[in-house]
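Engineer: This is the structure I want to talk about, given as structure tokens.
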Amino acid sequence: MTERKSVSLSPAQITEQLQAILNKTASAENYQLERETVKTYNLIVNIEQSLPKDEKGLSNYYLLFNAWIRWLSDWNNYSLNLLHRRRLIGHLELQLGKGKFILEIYPYSSKLYGIKPEGWKTLIQLHEALDYMTEYDCKRFAASVKRHRWSDLKQLIAEYQGRGSQWKELSLHFQQTKVNPTHENQTRGRYYDLEKVFSACNQRNFGGKIARPKVIHWSPRVNHSTMGSYNVNEDILMINRGLDRPDVPAYVLDFVMYHELLHKALGIKTSGSRRMAHTKEFRELEQSHPDYERAQAFIQKNAKRL
Ligand SMILES: [Zn+2]
């Protein structure tokens with residue numbers, strides 16, 4: 001594990017302190033809210049600056065923690081986290097009563113939520129990727145927790161997951177950081193080498209102008225819906241392992257790589273608290289790919305069979 005000079009606390013200790021401070025900020029009275037908010041945000045940015053830039057050799061826990069702090073050190077994300085906490089705390093206080101619960105929001109790699117008694121309080125743990133819950137979701141959530149209606153809760157989360165791609169992008173952001181550092185740059189699959197796919201795609205579609213992402217890797221498992229992803233904050237590009245087959249044409253890989261590199265080229269636009277990855281500009285450029293139609297057709301036809 002890499003030594004860290006400016007941060008003397010362990011990630012677990014910092015996470016614990018941050019949880020407490022973020023919750024305090026979220027439940028602060030209006031008149032002191034702004035001051036607390038800026039104070040907490042500055043704290044996060046300070047931690048972010050002291051994180052190691054080279055993450056090689058760090059444990060998964062550190063990687064997850066780093067990704068979380070980097071995520072929060074963007075003002076839009078931080079505000080979203082705070083808004084979400086504030087809503088939830090409001091509804092939980094109405095349903096369970098003040099001081100009757102502990103709310104913790106985490107950058108889990110797989111778990112979405114957990115609820116259990118802790119002494120005479122209820123410990124509620126949620127994944128950061130649930131940040132896009134609406135006011136109504138929060139209300140339903142709090143009501144389900146109060147009445148111990150766990151199937152309602154499950155239903156609510158399933159509906160939330162089905163509603164959009166934002167939560168998915170966010171949960172991928174944390175999943176990808178779990179890449180085992182020793183395997184992270186293993187681009188060679190059974191049939192395709194992503195290093196070559198990247199270089200060819202870069203030459204063909206971008207005139208060689210795109211810098212190689214820090215990490216290019218195959219997804220750990222075959223995925224039937226997501227063909228690839230690009231993590232803007234971490235500069236990690238992932239391609240679905242299901243495409244590493246001899247019956248998948250090279251133009252399909254070129255197109256999927258092109259889509260993900262477009263994300264790198266264009267970045268994420270924000271409008272309010274919404275993060276826009278697939279803007280109108282993005283879609284137009286995507287359609288200009290020479291194999292756009294047949295690649296899309298292939299994916300639609302074969303995704304389930306990969
Ligand atoms: Zn995309």
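Letters for chains follow the order of the structure tokens (A, B, ...), residue numbers begin at 1 for each chain, and ligand numbers begin at 1 in the order shown.
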Let me see if you get this right: every residue at most 10 Å from ligand 1, counting only C-alpha atoms and all ligand atoms, written as a compact mmCIF listing (two decimals) with C-alpha atoms, in the first residue's frame.
Structural biologist:
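Output saved as out.txt:
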# COMPACT_ATOMS: atom_id res chain seq x y z
CA SER A 165 -29.09 5.86 -17.18
CA GLU A 169 -23.33 5.66 -14.95
CA THR A 226 -23.95 -2.48 -21.68
CA MET A 227 -21.42 -2.76 -24.52
CA GLY A 228 -18.91 -0.40 -22.99
CA SER A 229 -18.41 2.48 -20.62
CA TYR A 230 -16.08 5.37 -20.07
CA VAL A 256 -18.24 0.60 -29.43
CA TYR A 258 -15.67 5.04 -30.94
CA HIS A 259 -18.72 5.63 -28.72
CA GLU A 260 -16.63 5.43 -25.54
CA LEU A 261 -13.83 7.61 -26.95
CA LEU A 262 -16.44 10.21 -27.91
CA HIS A 263 -17.23 10.41 -24.19
CA MET A 276 -25.61 14.84 -19.67
CA ALA A 277 -23.41 12.28 -21.37
CA HIS A 278 -25.45 11.70 -24.53
CA THR A 279 -26.10 15.21 -25.72
CA PHE A 282 -22.87 13.46 -29.02
CA ARG A 283 -25.64 11.66 -30.91
CA GLU A 286 -22.05 9.03 -33.04
Engineer: Using only C-alpha atoms, determine which residues lie at most 7 Å from range 211-214 of chain A, disregarding the query and same-chain residues fewer than 3 positions distant; provide the list as a PyMOL selection string.
Structural biologist: chain A and resi 235-237
Engineer: Residues of range 147-304 of chain A classed as alpha helix (DSSP H) by DSSP on the backbone are to be reported as a VMD selection string.
Structural biologist: chain A and resid 147 150 to 163 166 to 176 194 to 206 250 to 266 280 to 287 292 to 302
Engineer: Rank A:Ile115, A:Leu72, A:Leu285, A:Leu96 by their smallest atom-to-atom distance to Leu18 in chain A, using only C-alpha atoms, and report the top residue only.
Structural biologist: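 That would be A:Leu72, the residue with the smallest distance to Leu18 in chain A.
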Engineer: Which of range 96-281 of chain A end up as strand (DSSP E or B) when DSSP is run on this backbone - answer as a ChimeraX atom specification?
Structural biologist: /A:101-106,113-118,121-127,188,193,215-218,228-231,236-239,269-271,274-276
Engineer: Quick check, in Å to one decimal: how far apart do CA of Thr134 in chain A and CA of Asn66 in chain A lie?
Structural biologist: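 CA of Asn66 in chain A lies at a distance of 26.8 Å from CA of Thr134 in chain A.
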Engineer: Pick from A:Arg35, A:Lys111, A:Lys139, A:Lys146: nearest to His84 in chain A, with only C-alpha atoms counted?
Structural biologist: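 That would be A:Lys139, the residue with the smallest distance to His84 in chain A.
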Engineer: Any idea what's packed within 9 Å of Pro117 in chain A, counting only C-alpha atoms, ignoring anything in its chain fewer than 6 positions away? Could you give it as an mmCIF file with C-alpha atoms, in the first residue's frame?
Structural biologist:
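out.cif, written as the output of this step:
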data_model
loop_
_atom_site.group_PDB
_atom_site.id
_atom_site.type_symbol
_atom_site.label_atom_id
_atom_site.label_comp_id
_atom_site.auth_asym_id
_atom_site.auth_seq_id
_atom_site.Cartn_x
_atom_site.Cartn_y
_atom_site.Cartn_z
ATOM 1 C CA PHE A 101 -32.000 6.855 12.705
ATOM 2 C CA LEU A 123 -29.104 2.303 10.623
ATOM 3 C CA ILE A 124 -29.854 3.185 7.007
#
Engineer: Between CA of Glu159 in chain A and CA of Ser219 in chain A, what is the distance, to one decimal in Å?
Structural biologist: 25.4 Å
Engineer: So, with only C-alpha atoms as the atoms that count, which of A:Ile216, A:Leu112, A:Val197, A:Tyr191 lies closest to Tyr160 in chain A?
Structural biologist: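 Under the stated criterion, the closest residue is A:Leu112.
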Engineer: Quick one: residues within 9 Å of Trp71 in chain A, only C-alpha atoms counted, chain neighbours fewer than 6 positions away excluded, as a ChimeraX atom specification?
Structural biologist: /A:77-78,173,233
